[in-house]
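S.K.: Pasting entry_26.pdb here (PDB, C-alpha atoms):
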MODEL        1
ATOM      1  CA  MET A   1      87.539 106.984 131.811
ATOM      2  CA  LYS A   2      90.351 108.169 129.589
ATOM      3  CA  ARG A   3      89.871 108.100 125.842
ATOM      4  CA  ARG A   4      92.583 106.826 123.574
ATOM      5  CA  LEU A   5      94.742 109.508 122.003
ATOM      6  CA  VAL A   6      95.012 107.462 118.803
ATOM      7  CA  ASN A   7      93.102 104.341 117.769
ATOM      8  CA  PHE A   8      95.327 102.265 115.518
ATOM      9  CA  ARG A   9      92.775  99.584 114.638
ATOM     10  CA  PRO A  10      91.613 101.163 111.348
ATOM     11  CA  PHE A  11      95.261 101.646 110.398
ATOM     12  CA  ALA A  12      95.849  97.954 111.097
ATOM     13  CA  MET A  13      93.089  97.049 108.610
ATOM     14  CA  ILE A  14      94.568  99.355 105.972
ATOM     15  CA  ALA A  15      98.087  97.989 106.568
ATOM     16  CA  ALA A  16      96.794  94.398 106.330
ATOM     17  CA  SER A  17      95.068  95.270 103.043
ATOM     18  CA  LEU A  18      98.299  96.742 101.676
ATOM     19  CA  ILE A  19     100.175  93.547 102.585
ATOM     20  CA  ALA A  20      97.388  91.452 101.048
ATOM     21  CA  GLY A  21      97.727  93.442  97.800
ATOM     22  CA  ILE A  22     101.472  92.744  97.698
ATOM     23  CA  LEU A  23     100.930  89.021  98.319
ATOM     24  CA  ILE A  24      98.205  88.838  95.678
ATOM     25  CA  GLY A  25     100.545  90.645  93.274
ATOM     26  CA  TYR A  26     103.081  87.874  93.901
ATOM     27  CA  ALA A  27     100.388  85.239  93.266
ATOM     28  CA  TRP A  28      99.354  87.061  90.066
ATOM     29  CA  ILE A  29     102.775  86.606  88.434
ATOM     30  CA  TYR A  30     102.348  82.857  88.908
ATOM     31  CA  GLY A  31      98.941  82.846  87.200
ATOM     32  CA  ALA A  32      96.623  82.897  90.246
ATOM     33  CA  PHE A  33      94.375  85.596  88.761
ATOM     34  CA  TRP A  34      91.320  84.298  90.628
ATOM     35  CA  ALA A  35      92.866  85.309  93.982
ATOM     36  CA  PHE A  36      92.885  88.999  93.043
ATOM     37  CA  TRP A  37      89.311  89.092  91.767
ATOM     38  CA  THR A  38      87.964  87.025  94.686
ATOM     39  CA  ILE A  39      89.452  89.256  97.403
ATOM     40  CA  PHE A  40      88.749  92.518  95.557
ATOM     41  CA  CYS A  41      85.088  91.631  94.950
ATOM     42  CA  CYS A  42      84.608  90.490  98.567
ATOM     43  CA  MET A  43      86.077  93.731  99.924
ATOM     44  CA  LEU A  44      84.021  95.820  97.518
ATOM     45  CA  ALA A  45      80.786  93.980  98.349
ATOM     46  CA  THR A  46      81.432  94.346 102.100
ATOM     47  CA  GLY A  47      82.026  98.074 101.689
ATOM     48  CA  VAL A  48      78.765  98.494  99.743
ATOM     49  CA  VAL A  49      76.807  96.577 102.411
ATOM     50  CA  PHE A  50      78.106  98.796 105.225
ATOM     51  CA  PHE A  51      77.382 101.902 103.138
ATOM     52  CA  ILE A  52      73.782 100.757 102.591
ATOM     53  CA  LEU A  53      73.487 100.076 106.336
ATOM     54  CA  LYS A  54      74.681 103.669 106.877
ATOM     55  CA  LYS A  55      77.760 102.558 108.769
ATOM     56  CA  LYS A  56      79.655 105.375 107.141
ATOM     57  CA  LYS A  57      82.793 105.191 109.272
ATOM     58  CA  VAL A  58      83.203 101.484 108.559
ATOM     59  CA  ALA A  59      82.455 102.038 104.855
ATOM     60  CA  VAL A  60      85.111 104.791 104.648
ATOM     61  CA  CYS A  61      87.623 102.553 106.412
ATOM     62  CA  LEU A  62      86.882  99.716 103.969
ATOM     63  CA  THR A  63      87.215 102.109 101.028
ATOM     64  CA  MET A  64      90.663 103.103 102.286
ATOM     65  CA  ALA A  65      91.489  99.417 102.714
ATOM     66  CA  ILE A  66      90.461  98.700  99.099
ATOM     67  CA  LEU A  67      92.655 101.548  97.867
ATOM     68  CA  ALA A  68      95.554 100.216  99.969
ATOM     69  CA  PHE A  69      94.970  96.719  98.529
ATOM     70  CA  LEU A  70      95.067  98.046  94.963
ATOM     71  CA  GLY A  71      98.107 100.188  95.794
ATOM     72  CA  GLY A  72     100.019  97.181  97.137
ATOM     73  CA  PHE A  73      99.030  95.070  94.133
ATOM     74  CA  PHE A  74     100.094  97.580  91.467
ATOM     75  CA  ASP A  75     103.207  98.627  93.389
ATOM     76  CA  PHE A  76     104.391  95.014  93.489
ATOM     77  CA  ASN A  77     103.760  94.553  89.777
ATOM     78  CA  MET A  78     105.759  97.689  88.936
ATOM     79  CA  PHE A  79     108.472  96.505  91.337
ATOM     80  CA  TYR A  80     108.557  93.092  89.636
ATOM     81  CA  SER A  81     108.694  94.478  86.095
ATOM     82  CA  SER A  82     111.646  96.734  86.984
ATOM     83  CA  TYR A  83     113.846  93.735  87.850
ATOM     84  CA  SER A  84     114.873  92.987  84.289
ATOM     85  CA  ALA A  85     118.265  92.888  82.580
ATOM     86  CA  GLU A  86     116.893  91.725  79.222
ATOM     87  CA  LYS A  87     118.237  94.753  77.333
ATOM     88  CA  PHE A  88     121.774  93.705  78.376
ATOM     89  CA  GLU A  89     121.322  90.020  77.546
ATOM     90  CA  ASN A  90     124.359  88.464  75.797
ATOM     91  CA  GLU A  91     126.149  91.801  75.907
ATOM     92  CA  GLU A  92     129.345  92.764  77.688
ATOM     93  CA  VAL A  93     128.770  95.901  79.783
ATOM     94  CA  PHE A  94     130.921  98.309  81.780
ATOM     95  CA  ILE A  95     130.015  98.698  85.467
ATOM     96  CA  SER A  96     131.191 101.275  87.987
ATOM     97  CA  GLY A  97     130.137 101.823  91.585
ATOM     98  CA  LYS A  98     131.090 101.427  95.236
ATOM     99  CA  LEU A  99     131.545  98.195  97.186
ATOM    100  CA  THR A 100     129.247  97.834 100.196
ATOM    101  CA  ASP A 101     129.675  95.794 103.367
ATOM    102  CA  TYR A 102     127.057  93.250 102.245
ATOM    103  CA  TYR A 103     128.818  90.154 100.956
ATOM    104  CA  SER A 104     128.713  86.376 100.996
ATOM    105  CA  GLU A 105     131.967  84.443 100.667
ATOM    106  CA  SER A 106     133.126  80.951  99.841
ATOM    107  CA  LYS A 107     136.590  79.457  99.460
ATOM    108  CA  ASN A 108     137.031  80.462  95.834
ATOM    109  CA  SER A 109     134.649  83.375  95.295
ATOM    110  CA  ILE A 110     132.819  86.265  96.919
ATOM    111  CA  PHE A 111     129.408  87.728  96.130
ATOM    112  CA  ILE A 112     129.298  91.415  96.991
ATOM    113  CA  SER A 113     126.832  94.254  96.514
ATOM    114  CA  VAL A 114     127.882  97.331  94.498
ATOM    115  CA  LYS A 115     125.896 100.510  95.155
ATOM    116  CA  GLU A 116     125.796 103.813  93.236
ATOM    117  CA  ALA A 117     126.065 101.520  90.228
ATOM    118  CA  SER A 118     126.073 102.638  86.603
ATOM    119  CA  VAL A 119     125.838 100.438  83.514
ATOM    120  CA  ASN A 120     127.669 101.743  80.457
ATOM    121  CA  TYR A 121     127.973 105.107  82.272
ATOM    122  CA  ASN A 122     124.196 105.303  82.860
ATOM    123  CA  GLU A 123     123.101 105.363  86.509
ATOM    124  CA  THR A 124     120.757 102.585  87.628
ATOM    125  CA  LYS A 125     118.083 102.708  90.298
ATOM    126  CA  TYR A 126     119.259  99.493  91.927
ATOM    127  CA  ASN A 127     122.428  97.926  93.269
ATOM    128  CA  ILE A 128     124.281  95.185  91.440
ATOM    129  CA  GLY A 129     125.456  91.917  92.975
ATOM    130  CA  VAL A 130     128.864  90.857  91.672
ATOM    131  CA  TRP A 131     130.452  87.402  91.675
ATOM    132  CA  ILE A 132     134.236  87.780  91.929
ATOM    133  CA  ASP A 133     136.242  84.579  91.550
ATOM    134  CA  SER A 134     139.600  84.242  93.236
ATOM    135  CA  ASP A 135     142.630  84.254  90.955
ATOM    136  CA  GLU A 136     146.303  85.148  91.162
ATOM    137  CA  ASP A 137     145.441  88.869  91.279
ATOM    138  CA  PHE A 138     142.407  89.024  93.581
ATOM    139  CA  SER A 139     141.715  86.681  96.497
ATOM    140  CA  VAL A 140     138.567  86.760  98.642
ATOM    141  CA  GLU A 141     140.533  88.358 101.502
ATOM    142  CA  TYR A 142     141.965  90.978  99.147
ATOM    143  CA  VAL A 143     138.462  92.023  98.093
ATOM    144  CA  LYS A 144     137.191  92.077 101.707
ATOM    145  CA  GLU A 145     140.018  94.426 102.689
ATOM    146  CA  ARG A 146     138.724  96.900 100.076
ATOM    147  CA  LEU A 147     135.121  97.185 101.212
ATOM    148  CA  GLY A 148     133.938 100.742 100.635
ATOM    149  CA  CYS A 149     136.268 101.269  97.675
ATOM    150  CA  TYR A 150     135.040 102.387  94.259
ATOM    151  CA  VAL A 151     135.380  99.816  91.476
ATOM    152  CA  ASP A 152     134.875  99.438  87.765
ATOM    153  CA  PHE A 153     134.935  96.345  85.574
ATOM    154  CA  THR A 154     133.419  94.705  82.528
ATOM    155  CA  CYS A 155     131.011  91.789  82.904
ATOM    156  CA  ARG A 156     127.795  90.167  81.762
ATOM    157  CA  LEU A 157     124.549  91.038  83.558
ATOM    158  CA  ASN A 158     121.718  88.680  84.438
ATOM    159  CA  ASN A 159     118.441  89.178  86.290
ATOM    160  CA  ALA A 160     118.851  88.619  90.017
ATOM    161  CA  PRO A 161     116.829  85.522  91.079
ATOM    162  CA  VAL A 162     114.673  87.643  93.382
ATOM    163  CA  PHE A 163     111.505  85.575  92.930
ATOM    164  CA  LYS A 164     112.992  82.113  92.526
ATOM    165  CA  ASP A 165     111.603  79.653  95.122
ATOM    166  CA  GLY A 166     109.854  82.446  97.005
ATOM    167  CA  ILE A 167     111.277  85.934  97.520
ATOM    168  CA  ASN A 168     115.013  86.253  98.130
ATOM    169  CA  THR A 169     115.085  88.788 100.963
ATOM    170  CA  PHE A 170     118.832  89.391 100.604
ATOM    171  CA  TYR A 171     118.349  90.753  97.074
ATOM    172  CA  VAL A 172     115.289  92.792  98.048
ATOM    173  CA  LYS A 173     116.860  94.241 101.212
ATOM    174  CA  ASN A 174     119.937  95.379  99.300
ATOM    175  CA  ASP A 175     118.026  96.510  96.165
ATOM    176  CA  ILE A 176     119.958  94.044  94.019
ATOM    177  CA  ALA A 177     118.224  93.787  90.641
ATOM    178  CA  TYR A 178     121.112  92.465  88.533
ATOM    179  CA  VAL A 179     123.873  89.930  89.044
ATOM    180  CA  ALA A 180     127.234  90.422  87.325
ATOM    181  CA  THR A 181     129.262  87.410  86.196
ATOM    182  CA  CYS A 182     132.334  86.836  84.003
ATOM    183  CA  VAL A 183     134.051  89.835  85.636
ATOM    184  CA  LYS A 184     137.117  91.169  83.802
ATOM    185  CA  ASP A 185     139.429  94.188  84.081
ATOM    186  CA  LEU A 186     138.557  94.770  87.740
ATOM    187  CA  ASN A 187     139.987  98.005  89.159
ATOM    188  CA  PHE A 188     139.820  99.333  92.735
ATOM    189  CA  TYR A 189     139.918 103.017  93.694
ATOM    190  CA  PHE A 190     140.123 104.723  97.081
ATOM    191  CA  GLY A 191     136.974 104.838  99.185
ATOM    192  CA  ASN A 192     135.714 104.236 102.724
ATOM    193  CA  LEU A 193     132.787 102.496 104.353
ATOM    194  CA  SER A 194     130.116 104.743 105.850
ATOM    195  CA  PHE A 195     129.645 104.764 109.623
ATOM    196  CA  ASP A 196     126.752 102.268 109.621
ATOM    197  CA  GLU A 197     128.645  99.970 107.233
ATOM    198  CA  THR A 198     131.710 100.126 109.510
ATOM    199  CA  ALA A 199     129.540  99.241 112.530
ATOM    200  CA  ARG A 200     128.030  96.221 110.752
ATOM    201  CA  GLU A 201     131.424  95.007 109.577
ATOM    202  CA  TYR A 202     132.802  95.362 113.118
ATOM    203  CA  VAL A 203     129.986  93.145 114.428
ATOM    204  CA  ARG A 204     130.638  90.530 111.727
ATOM    205  CA  THR A 205     134.402  90.502 112.280
ATOM    206  CA  THR A 206     134.069  90.272 116.070
ATOM    207  CA  LEU A 207     131.662  87.340 115.894
ATOM    208  CA  LYS A 208     133.754  85.486 113.311
ATOM    209  CA  GLU A 209     136.903  85.886 115.402
ATOM    210  CA  ASN A 210     135.270  84.510 118.547
ATOM    211  CA  MET A 211     132.876  81.843 117.244
ATOM    212  CA  THR A 212     132.838  78.918 114.871
ATOM    213  CA  GLU A 213     131.848  79.648 111.281
ATOM    214  CA  ASP A 214     128.273  78.356 111.550
ATOM    215  CA  THR A 215     127.650  79.896 114.987
ATOM    216  CA  ALA A 216     129.012  83.266 113.853
ATOM    217  CA  SER A 217     126.774  83.261 110.770
ATOM    218  CA  ILE A 218     123.730  82.593 112.978
ATOM    219  CA  GLY A 219     124.782  85.376 115.364
ATOM    220  CA  ILE A 220     125.153  87.828 112.481
ATOM    221  CA  ALA A 221     121.706  86.887 111.173
ATOM    222  CA  LEU A 222     120.136  87.302 114.618
ATOM    223  CA  LEU A 223     121.763  90.671 115.325
ATOM    224  CA  LEU A 224     121.687  92.301 111.895
ATOM    225  CA  GLY A 225     119.118  90.305 109.938
ATOM    226  CA  ASP A 226     121.868  89.470 107.404
ATOM    227  CA  LYS A 227     121.629  85.798 106.410
ATOM    228  CA  SER A 228     124.152  86.027 103.570
ATOM    229  CA  ASN A 229     126.853  84.383 105.689
ATOM    230  CA  MET A 230     124.715  81.333 106.487
ATOM    231  CA  SER A 231     125.239  78.173 104.487
ATOM    232  CA  ALA A 232     122.412  76.803 102.342
ATOM    233  CA  GLU A 233     122.117  73.806 104.695
ATOM    234  CA  LEU A 234     121.585  76.043 107.723
ATOM    235  CA  LYS A 235     119.010  78.198 105.932
ATOM    236  CA  ASN A 236     117.070  75.155 104.747
ATOM    237  CA  GLY A 237     117.194  73.627 108.221
ATOM    238  CA  TYR A 238     115.659  76.681 109.875
ATOM    239  CA  ARG A 239     113.124  77.020 107.055
ATOM    240  CA  GLN A 240     111.991  73.401 107.400
ATOM    241  CA  MET A 241     111.605  73.838 111.164
ATOM    242  CA  GLY A 242     109.440  76.897 110.483
ATOM    243  CA  ILE A 243     111.523  79.287 112.603
ATOM    244  CA  SER A 244     113.435  81.243 109.943
ATOM    245  CA  HIS A 245     111.415  84.325 110.947
ATOM    246  CA  ILE A 246     113.676  84.757 114.002
ATOM    247  CA  PHE A 247     116.295  86.241 111.670
ATOM    248  CA  ALA A 248     114.044  89.165 110.747
ATOM    249  CA  VAL A 249     115.033  92.101 112.948
ATOM    250  CA  SER A 250     111.709  93.207 114.414
ATOM    251  CA  GLY A 251     109.783  93.647 117.630
ATOM    252  CA  LEU A 252     111.744  90.982 119.517
ATOM    253  CA  HIS A 253     115.029  92.824 119.002
ATOM    254  CA  MET A 254     113.571  96.272 119.673
ATOM    255  CA  GLY A 255     111.770  94.866 122.693
ATOM    256  CA  PHE A 256     115.067  93.758 124.241
ATOM    257  CA  ILE A 257     116.626  97.192 123.763
ATOM    258  CA  TYR A 258     113.462  98.938 124.989
ATOM    259  CA  SER A 259     113.249  96.689 128.069
ATOM    260  CA  ILE A 260     116.924  96.997 129.024
ATOM    261  CA  LEU A 261     117.015 100.774 128.662
ATOM    262  CA  GLY A 262     113.607 101.091 130.295
ATOM    263  CA  PHE A 263     114.880  99.087 133.284
ATOM    264  CA  VAL A 264     117.899 101.393 133.594
ATOM    265  CA  VAL A 265     115.654 104.466 133.412
ATOM    266  CA  PHE A 266     113.318 102.986 136.030
ATOM    267  CA  LYS A 267     116.157 102.188 138.439
ATOM    268  CA  THR A 268     117.769 105.614 138.069
ATOM    269  CA  ARG A 269     114.368 107.326 138.523
ATOM    270  CA  ILE A 270     114.824 109.592 135.497
ATOM    271  CA  LYS A 271     111.801 111.704 134.634
ATOM    272  CA  LYS A 272     109.615 110.353 131.838
ATOM    273  CA  TRP A 273     110.334 113.126 129.318
ATOM    274  CA  LYS A 274     114.084 112.887 129.914
ATOM    275  CA  ALA A 275     113.855 109.138 129.372
ATOM    276  CA  VAL A 276     112.436 109.523 125.834
ATOM    277  CA  PRO A 277     115.727 110.471 124.077
ATOM    278  CA  ILE A 278     117.742 108.078 126.283
ATOM    279  CA  VAL A 279     115.659 105.148 125.035
ATOM    280  CA  PHE A 280     114.801 106.396 121.528
ATOM    281  CA  PHE A 281     118.231 107.227 120.094
ATOM    282  CA  PRO A 282     119.862 103.824 120.828
ATOM    283  CA  MET A 283     116.855 102.167 119.156
ATOM    284  CA  LEU A 284     117.176 104.536 116.191
ATOM    285  CA  PHE A 285     120.888 103.727 115.879
ATOM    286  CA  TYR A 286     120.164  99.993 115.933
ATOM    287  CA  ALA A 287     117.478 100.411 113.247
ATOM    288  CA  TRP A 288     120.007 102.388 111.172
ATOM    289  CA  ILE A 289     122.729  99.725 111.240
ATOM    290  CA  CYS A 290     120.070  97.139 110.355
ATOM    291  CA  GLY A 291     119.345  99.117 107.190
ATOM    292  CA  PHE A 292     115.885 100.383 108.206
ATOM    293  CA  SER A 293     114.237  97.207 106.955
ATOM    294  CA  PRO A 294     110.404  97.309 106.993
ATOM    295  CA  SER A 295     110.173  95.011 110.033
ATOM    296  CA  VAL A 296     112.598  97.061 112.133
ATOM    297  CA  VAL A 297     110.941 100.357 111.128
ATOM    298  CA  ARG A 298     107.556  98.968 112.188
ATOM    299  CA  ALA A 299     109.022  97.880 115.535
ATOM    300  CA  LEU A 300     110.706 101.267 115.988
ATOM    301  CA  VAL A 301     107.423 103.102 115.355
ATOM    302  CA  MET A 302     105.553 100.861 117.808
ATOM    303  CA  THR A 303     108.094 101.236 120.619
ATOM    304  CA  THR A 304     108.417 104.991 120.012
ATOM    305  CA  CYS A 305     104.627 105.409 120.252
ATOM    306  CA  ALA A 306     104.622 103.449 123.516
ATOM    307  CA  LEU A 307     107.496 105.573 124.823
ATOM    308  CA  VAL A 308     105.907 108.920 123.925
ATOM    309  CA  PHE A 309     102.398 108.012 125.083
ATOM    310  CA  ASN A 310     103.803 106.731 128.354
ATOM    311  CA  ALA A 311     105.571 110.084 128.819
ATOM    312  CA  LEU A 312     102.232 111.825 128.139
ATOM    313  CA  GLY A 313     100.554 109.665 130.777
ATOM    314  CA  GLU A 314      98.090 108.202 128.283
ATOM    315  CA  LYS A 315      96.098 105.044 128.870
ATOM    316  CA  ASN A 316      97.717 101.775 127.787
ATOM    317  CA  ASP A 317      95.661  99.658 125.386
ATOM    318  CA  SER A 318      97.401  96.396 124.478
ATOM    319  CA  LEU A 319      95.175  95.652 121.456
ATOM    320  CA  THR A 320      95.657  99.126 119.968
ATOM    321  CA  PHE A 321      99.404  98.937 120.616
ATOM    322  CA  LEU A 322      99.571  95.533 118.889
ATOM    323  CA  ALA A 323      97.584  96.864 115.912
ATOM    324  CA  GLY A 324     100.092  99.703 115.537
TER     325      GLY A 324
ENDMDL
END
Written as structure tokens, that's how I'd like the structure from this file.

M.R.:
Amino acid sequence: MKRRLVNFRPFAMIAASLIAGILIGYAWIYGAFWAFWTIFCCMLATGVVFFILKKKKVAVCLTMAILAFLGGFFDFNMFYSSYSAEKFENEEVFISGKLTDYYSESKNSIFISVKEASVNYNETKYNIGVWIDSDEDFSVEYVKERLGCYVDFTCRLNNAPVFKDGINTFYVKNDIAYVATCVKDLNFYFGNLSFDETAREYVRTTLKENMTEDTASIGIALLLGDKSNMSAELKNGYRQMGISHIFAVSGLHMGFIYSILGFVVFKTRIKKWKAVPIVFFPMLFYAWICGFSPSVVRALVMTTCALVFNALGEKNDSLTFLAG
């Protein structure tokens, strides 16, 4: 009987503990202090019991899980505290940076992400979301035609509502910590979109040209995980039905690519090792244009492990694969 090359089950426990720490960190900012102490004490007590029972491997695994839990908790709290524009409150600031392809538009305004941003000539760690209202100089279409250009302007900064009514994944995914309003003296300079930005914009444009507005926004969200084009009514509708998770690019999307390419490889009878790059690089490209979000990276790692272990002729273990 073949032994597993790698057993992912302990890693699954550690990963779950890390996620639990992040969630408890979120609960902590809303005053649920009891949740942290309850879970921490239960994990600690369980680890001590297994150590006393001389189940050293389990005790070590639980110790690692506790450390992962604490790491997730403190990482979230540092992440939360960094999203603050209080030092710029009621002040007019000068912003410079580069327009990205991530935007949300309406009839009279466009909300767009600016990366490589600096505030008063000081570089920031995060991107800045900018509300640009249409006027006689700049229409929404005019701004969209200049995606990838460098810009500078004066404005007022506010904290991005990252944690209002849950966690706003659009702000988190695009590292948007501040929102700029009251934009004045807007100037555009030459610049181009990167290759992955161009690919995403091509997908958006193609869908919008061939579908209705609502259908195109759903298609964009399904393909790229970008819900910024969806109306508030659509988002609320999917959330109330409990199926908004379908817009997170993850195992479902990678599974389709893996299955289609795997079918082609099977039919053409390509050797297993030659099939690895044929399947892997298209998946890597897709993960790249989706911005390497945590869910798509997890799915990429899982499918890559399955691909490589299959090429090695290792035993398949569905539970271990799922835990990975």

S.K.: Tell me which protein, DNA and RNA residues are within 12 Å of Thr206 (chain A), counting all atoms listed in the file, leaving out same-chain ones fewer than 4 positions away, and put them as a list in words.

M.R.: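 Here the answer would be Ala199, Arg200, Glu201, Tyr202, Asn210, Met211, Thr212, Glu213, Ala216, Ser217, Gly219 and Ile220 of chain A.
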
S.K.: Build an axis-aligned box that encloses every atom of region 231-236 of chain A listed in the file, pad it by 4 Å on each side, and report its centre and edge lengths in Å to one decimal, as AutoDock Vina command-line options.

M.R.:
--center_x 121.2 --center_y 76.0 --center_z 105.0 --size_x 16.2 --size_y 12.4 --size_z 13.4

S.K.: Between CA of Thr268 (chain A) and CA of Met254 (chain A), what is the distance, to one decimal in Å?

M.R.: 21.1 Å

S.K.: Rounded to one decimal in Å, what is the spacing between CA of Cys155 (chain A) and CA of Asp185 (chain A)?

M.R.: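 These two atoms are separated by 8.8 Å.
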
S.K.: For the atom pair CA of Ile14 (chain A) and CA of Ala59 (chain A), what is the interatomic distance in Å to one decimal place?

M.R.: 12.5 Å

S.K.: Can you spell out as a PyMOL selection string the set of residues that the PyMOL selection byres ((chain A and resi 186-195) around 8) selects in the structure I just provided?

M.R.: chain A and resi 98+100-101+146-154+183-185+196-199

S.K.: Kindly save the residues from that selection, with C-alpha atoms included, as a short mmCIF file (atom, residue, chain, number, x, y, z; two decimals), keeping the file's coordinate frame.

M.R.:
data_model
loop_
_atom_site.label_atom_id
_atom_site.label_comp_id
_atom_site.auth_asym_id
_atom_site.auth_seq_id
_atom_site.Cartn_x
_atom_site.Cartn_y
_atom_site.Cartn_z
CA LYS A 98 131.09 101.43 95.24
CA THR A 100 129.25 97.83 100.20
CA ASP A 101 129.68 95.79 103.37
CA ARG A 146 138.72 96.90 100.08
CA LEU A 147 135.12 97.18 101.21
CA GLY A 148 133.94 100.74 100.64
CA CYS A 149 136.27 101.27 97.68
CA TYR A 150 135.04 102.39 94.26
CA VAL A 151 135.38 99.82 91.48
CA ASP A 152 134.88 99.44 87.76
CA PHE A 153 134.94 96.34 85.57
CA THR A 154 133.42 94.70 82.53
CA VAL A 183 134.05 89.84 85.64
CA LYS A 184 137.12 91.17 83.80
CA ASP A 185 139.43 94.19 84.08
CA ASP A 196 126.75 102.27 109.62
CA GLU A 197 128.65 99.97 107.23
CA THR A 198 131.71 100.13 109.51
CA ALA A 199 129.54 99.24 112.53
#
